[in-house]
Amino acid sequence: EILADTIIEPKIGKKKKEKIIEKPKNYTTVYVNDNKVELKDKDKYVFIDLFEYIDFDLSKPQGLLVLLLNDNKAGYHDILNNGDKIAIRWE
């Protein structure tokens, strides 16, 4: 029941804008030559993907390329897992 003396005013409130920061759903952290590298664009990574994230020039060979994954010889298609230790160097 509304009385004649009652003034009804709509409530006006300011809504706060909230920023939603989405973390990548899948990411893998590896250590390349003792440097932390976060891989964030795919569900799974293979060894060759690393060259998109690190500064290592394969176009000018400087000897024999050594690829190690957790102290074992690695191939370009070896799957990378979170926490892997990787060494890439010329010998």
# chains A, B, ... in the order shown; residues from 1 in each chain; ligands from 1
call {"tool": "residues_around", "arguments": {"residues": "segment 30-47 of chain A", "least_positions_apart": "5", "cutoff": "9 Å", "atoms": "only C-alpha atoms", "output": "PyMOL selection string"}}
result
chain A and resi 24-25+53-54+67+69+74-89
call {"tool": "atom_distance", "arguments": {"atom1": "atom CA of Asn72 of chain A", "atom2": "atom CA of Tyr27 of chain A"}}
result
23.0 Å
call {"tool": "atom_distance", "arguments": {"atom1": "atom CA of Trp90 of chain A", "atom2": "atom CA of Leu68 of chain A"}}
result
11.6 Å
call {"tool": "atom_distance", "arguments": {"atom1": "atom CA of Glu91 of chain A", "atom2": "atom CA of Leu64 of chain A"}}
result
5.1 Å
